[in-house]
Amino acid sequence: MSDAYASADQIMEVIVRSPGSSLEEIVQQCPNLTWNQVFLALDHLSRCGRIRLCRRARGGYAAFPASADEMKASA
């Protein structure tokens, strides 16, 4: 398994366990990953439809697991 896939799997575990986590919260929960690795994995997961990124009031984003319907639509 490549590092990129391992990072994405690790980040998905965090998002499923704590829906609505911010980028900073995910970085804190993945101390073996850099901020850049988390950012790139979130971008990839969002583009492939596995997560939803929702804008927060202060300009940040919250990450949520995609619903089954959203994942089917992106496939």
# chains A, B, ... in the order shown; residues from 1 in each chain; ligands from 1

call {"tool": "select_by_dssp", "arguments": {"residues": "chain A", "states": "strand (DSSP E)", "output": "PyMOL selection string"}}
result
chain A and resi 21-22+51-55+61-65

call {"tool": "atom_distance", "arguments": {"atom1": "CA of Gln29 in chain A", "atom2": "CA of Gly60 in chain A"}}
result
17.3 Å

call {"tool": "closest_residue", "arguments": {"among": "A:Arg56, A:Asp9, A:Phe64, A:His44", "to": "Cys30 in chain A", "atoms": "only C-alpha atoms"}}
result
A:Asp9

call {"tool": "residues_around", "arguments": {"residues": "Ser22 in chain A", "least_positions_apart": "5", "cutoff": "7 Å", "atoms": "only C-alpha atoms", "output": "list in words"}}
result
Tyr61, Ala62 and Ala63 of chain A

call {"tool": "write_last_selection", "arguments": {"atoms": "N, CA and C atoms", "output": "PDB file, in the first residue's frame"}}
result
ATOM      1  N   TYR A  61     -12.874  24.813   7.111  1.00  0.00           N
ATOM      2  CA  TYR A  61     -13.736  23.767   6.570  1.00  0.00           C
ATOM      3  C   TYR A  61     -13.861  22.626   7.560  1.00  0.00           C
ATOM      4  N   ALA A  62     -14.999  21.964   7.521  1.00  0.00           N
ATOM      5  CA  ALA A  62     -15.250  20.775   8.322  1.00  0.00           C
ATOM      6  C   ALA A  62     -15.386  19.601   7.371  1.00  0.00           C
ATOM      7  N   ALA A  63     -14.821  18.456   7.749  1.00  0.00           N
ATOM      8  CA  ALA A  63     -14.860  17.261   6.909  1.00  0.00           C
ATOM      9  C   ALA A  63     -15.870  16.263   7.462  1.00  0.00           C
TER      10      ALA A  63
END

call {"tool": "atom_distance", "arguments": {"atom1": "CA of Ser7 in chain A", "atom2": "CA of Arg55 in chain A"}}
result
22.7 Å

call {"tool": "residues_around", "arguments": {"residues": "Ile11 in chain A", "least_positions_apart": "3", "cutoff": "9 Å", "atoms": "only C-alpha atoms", "output": "PDB file with N, CA, C and O atoms, in the first residue's frame"}}
result
ATOM      1  N   ALA A   6      -2.346   4.997   2.490  1.00  0.00           N
ATOM      2  CA  ALA A   6      -2.325   4.799   3.936  1.00  0.00           C
ATOM      3  C   ALA A   6      -2.742   6.080   4.646  1.00  0.00           C
ATOM      4  O   ALA A   6      -3.504   6.035   5.612  1.00  0.00           O
ATOM      5  N   SER A   7      -2.281   7.223   4.149  1.00  0.00           N
ATOM      6  CA  SER A   7      -2.666   8.506   4.734  1.00  0.00           C
ATOM      7  C   SER A   7      -4.160   8.735   4.595  1.00  0.00           C
ATOM      8  O   SER A   7      -4.830   9.145   5.548  1.00  0.00           O
ATOM      9  N   ALA A   8      -4.703   8.460   3.418  1.00  0.00           N
ATOM     10  CA  ALA A   8      -6.134   8.659   3.179  1.00  0.00           C
ATOM     11  C   ALA A   8      -6.958   7.754   4.080  1.00  0.00           C
ATOM     12  O   ALA A   8      -7.963   8.187   4.652  1.00  0.00           O
ATOM     13  N   VAL A  14     -10.318   9.011  11.087  1.00  0.00           N
ATOM     14  CA  VAL A  14     -10.523  10.182  11.946  1.00  0.00           C
ATOM     15  C   VAL A  14     -11.865  10.832  11.627  1.00  0.00           C
ATOM     16  O   VAL A  14     -12.642  11.159  12.532  1.00  0.00           O
ATOM     17  N   ILE A  15     -12.169  11.005  10.350  1.00  0.00           N
ATOM     18  CA  ILE A  15     -13.410  11.685   9.941  1.00  0.00           C
ATOM     19  C   ILE A  15     -14.636  10.860  10.318  1.00  0.00           C
ATOM     20  O   ILE A  15     -15.642  11.417  10.764  1.00  0.00           O
ATOM     21  N   VAL A  16     -14.556   9.547  10.172  1.00  0.00           N
ATOM     22  CA  VAL A  16     -15.683   8.689  10.549  1.00  0.00           C
ATOM     23  C   VAL A  16     -15.874   8.726  12.068  1.00  0.00           C
ATOM     24  O   VAL A  16     -16.997   8.789  12.561  1.00  0.00           O
ATOM     25  N   ILE A  26      -7.741  17.302  12.434  1.00  0.00           N
ATOM     26  CA  ILE A  26      -7.280  16.072  11.773  1.00  0.00           C
ATOM     27  C   ILE A  26      -5.765  15.975  11.860  1.00  0.00           C
ATOM     28  O   ILE A  26      -5.225  14.905  12.157  1.00  0.00           O
ATOM     29  N   VAL A  27      -5.071  17.085  11.648  1.00  0.00           N
ATOM     30  CA  VAL A  27      -3.603  17.092  11.757  1.00  0.00           C
ATOM     31  C   VAL A  27      -3.188  16.666  13.166  1.00  0.00           C
ATOM     32  O   VAL A  27      -2.255  15.876  13.332  1.00  0.00           O
ATOM     33  N   GLN A  29      -4.762  14.735  15.189  1.00  0.00           N
ATOM     34  CA  GLN A  29      -5.065  13.320  15.400  1.00  0.00           C
ATOM     35  C   GLN A  29      -4.210  12.392  14.544  1.00  0.00           C
ATOM     36  O   GLN A  29      -4.293  11.170  14.696  1.00  0.00           O
ATOM     37  N   CYS A  30      -3.431  12.964  13.643  1.00  0.00           N
ATOM     38  CA  CYS A  30      -2.529  12.184  12.777  1.00  0.00           C
ATOM     39  C   CYS A  30      -1.111  12.736  12.920  1.00  0.00           C
ATOM     40  O   CYS A  30      -0.568  13.324  11.970  1.00  0.00           O
ATOM     41  N   VAL A  38      -1.955  15.894   5.025  1.00  0.00           N
ATOM     42  CA  VAL A  38      -3.370  15.873   5.384  1.00  0.00           C
ATOM     43  C   VAL A  38      -4.167  16.692   4.375  1.00  0.00           C
ATOM     44  O   VAL A  38      -5.209  16.259   3.884  1.00  0.00           O
ATOM     45  N   ALA A  41      -4.454  14.804   1.082  1.00  0.00           N
ATOM     46  CA  ALA A  41      -5.345  13.649   1.213  1.00  0.00           C
ATOM     47  C   ALA A  41      -6.805  14.098   1.284  1.00  0.00           C
ATOM     48  O   ALA A  41      -7.676  13.473   0.677  1.00  0.00           O
ATOM     49  N   LEU A  42      -7.087  15.175   2.025  1.00  0.00           N
ATOM     50  CA  LEU A  42      -8.451  15.700   2.082  1.00  0.00           C
ATOM     51  C   LEU A  42      -8.924  16.148   0.705  1.00  0.00           C
ATOM     52  O   LEU A  42     -10.070  15.906   0.325  1.00  0.00           O
TER      53      LEU A  42
END

call {"tool": "atom_distance", "arguments": {"atom1": "CA of Asn36 in chain A", "atom2": "CA of Arg17 in chain A"}}
result
21.4 Å

call {"tool": "decode", "arguments": {"residues": "range 43-72 of chain A", "atoms": "N, CA, C and O atoms", "output": "short mmCIF file (atom, residue, chain, number, x, y, z; two decimals), in the first residue's frame"}}
result
data_model
loop_
_atom_site.label_atom_id
_atom_site.label_comp_id
_atom_site.auth_asym_id
_atom_site.auth_seq_id
_atom_site.Cartn_x
_atom_site.Cartn_y
_atom_site.Cartn_z
N ASP A 43 -8.05 16.80 -0.05
CA ASP A 43 -8.40 17.23 -1.40
C ASP A 43 -8.75 16.01 -2.26
O ASP A 43 -9.77 16.00 -2.94
N HIS A 44 -7.92 14.99 -2.19
CA HIS A 44 -8.16 13.76 -2.97
C HIS A 44 -9.47 13.09 -2.54
O HIS A 44 -10.29 12.71 -3.39
N LEU A 45 -9.68 12.94 -1.23
CA LEU A 45 -10.89 12.29 -0.73
C LEU A 45 -12.14 13.07 -1.12
O LEU A 45 -13.18 12.47 -1.43
N SER A 46 -12.04 14.38 -1.13
CA SER A 46 -13.17 15.21 -1.52
C SER A 46 -13.46 15.06 -3.02
O SER A 46 -14.61 14.91 -3.42
N ARG A 47 -12.42 15.09 -3.84
CA ARG A 47 -12.60 14.99 -5.29
C ARG A 47 -13.14 13.63 -5.72
O ARG A 47 -13.88 13.54 -6.70
N CYS A 48 -12.77 12.58 -4.98
CA CYS A 48 -13.27 11.25 -5.36
C CYS A 48 -14.59 10.93 -4.67
O CYS A 48 -15.14 9.85 -4.86
N GLY A 49 -15.13 11.85 -3.88
CA GLY A 49 -16.46 11.71 -3.32
C GLY A 49 -16.56 10.92 -2.04
O GLY A 49 -17.65 10.55 -1.62
N ARG A 50 -15.43 10.65 -1.38
CA ARG A 50 -15.49 9.89 -0.13
C ARG A 50 -15.81 10.77 1.08
O ARG A 50 -16.27 10.26 2.10
N ILE A 51 -15.54 12.08 0.97
CA ILE A 51 -15.87 13.01 2.05
C ILE A 51 -16.54 14.24 1.48
O ILE A 51 -16.47 14.50 0.27
N ARG A 52 -17.19 14.98 2.36
CA ARG A 52 -17.76 16.29 2.03
C ARG A 52 -17.03 17.33 2.86
O ARG A 52 -16.83 17.12 4.06
N LEU A 53 -16.63 18.40 2.24
CA LEU A 53 -16.04 19.53 2.96
C LEU A 53 -17.08 20.64 3.01
O LEU A 53 -17.60 21.04 1.98
N CYS A 54 -17.38 21.10 4.20
CA CYS A 54 -18.38 22.16 4.40
C CYS A 54 -17.69 23.37 5.01
O CYS A 54 -16.93 23.23 5.97
N ARG A 55 -17.99 24.52 4.47
CA ARG A 55 -17.38 25.75 4.94
C ARG A 55 -17.92 26.11 6.32
O ARG A 55 -19.11 26.07 6.57
N ARG A 56 -17.02 26.49 7.21
CA ARG A 56 -17.39 26.95 8.55
C ARG A 56 -17.49 28.47 8.54
O ARG A 56 -17.00 29.13 7.63
N ALA A 57 -18.07 29.01 9.57
CA ALA A 57 -18.31 30.45 9.66
C ALA A 57 -17.02 31.27 9.59
O ALA A 57 -17.00 32.34 9.01
N ARG A 58 -15.95 30.79 10.16
CA ARG A 58 -14.71 31.56 10.21
C ARG A 58 -13.78 31.30 9.03
O ARG A 58 -12.60 31.61 9.10
N GLY A 59 -14.28 30.72 7.98
CA GLY A 59 -13.46 30.52 6.79
C GLY A 59 -12.78 29.17 6.71
O GLY A 59 -12.20 28.83 5.69
N GLY A 60 -12.85 28.37 7.77
CA GLY A 60 -12.27 27.04 7.74
C GLY A 60 -13.25 26.06 7.14
O GLY A 60 -14.35 26.43 6.69
N TYR A 61 -12.87 24.81 7.11
CA TYR A 61 -13.74 23.77 6.57
C TYR A 61 -13.86 22.63 7.56
O TYR A 61 -12.94 22.34 8.31
N ALA A 62 -15.00 21.96 7.52
CA ALA A 62 -15.25 20.77 8.32
C ALA A 62 -15.39 19.60 7.37
O ALA A 62 -15.99 19.72 6.30
N ALA A 63 -14.82 18.46 7.75
CA ALA A 63 -14.86 17.26 6.91
C ALA A 63 -15.87 16.26 7.46
O ALA A 63 -15.88 15.98 8.66
N PHE A 64 -16.72 15.75 6.57
CA PHE A 64 -17.74 14.77 6.92
C PHE A 64 -17.63 13.59 5.97
O PHE A 64 -17.33 13.78 4.78
N PRO A 65 -17.90 12.37 6.45
CA PRO A 65 -17.94 11.25 5.52
C PRO A 65 -19.09 11.44 4.54
O PRO A 65 -20.14 11.97 4.91
N ALA A 66 -18.89 11.05 3.31
CA ALA A 66 -19.95 11.15 2.30
C ALA A 66 -21.00 10.09 2.58
O ALA A 66 -20.70 9.00 3.08
N SER A 67 -22.23 10.42 2.26
CA SER A 67 -23.30 9.42 2.40
C SER A 67 -23.17 8.40 1.28
O SER A 67 -22.48 8.62 0.28
N ALA A 68 -23.84 7.28 1.41
CA ALA A 68 -23.81 6.25 0.38
C ALA A 68 -24.31 6.79 -0.96
O ALA A 68 -23.75 6.48 -2.01
N ASP A 69 -25.35 7.64 -0.92
CA ASP A 69 -25.87 8.23 -2.16
C ASP A 69 -24.85 9.13 -2.83
O ASP A 69 -24.71 9.14 -4.04
N GLU A 70 -24.12 9.92 -2.03
CA GLU A 70 -23.10 10.81 -2.60
C GLU A 70 -21.97 10.01 -3.22
O GLU A 70 -21.44 10.37 -4.25
N MET A 71 -21.59 8.90 -2.58
CA MET A 71 -20.51 8.09 -3.12
C MET A 71 -20.92 7.43 -4.43
O MET A 71 -20.13 7.30 -5.35
N LYS A 72 -22.19 6.99 -4.54
CA LYS A 72 -22.69 6.40 -5.80
C LYS A 72 -22.68 7.44 -6.91
O LYS A 72 -22.30 7.13 -8.04
#
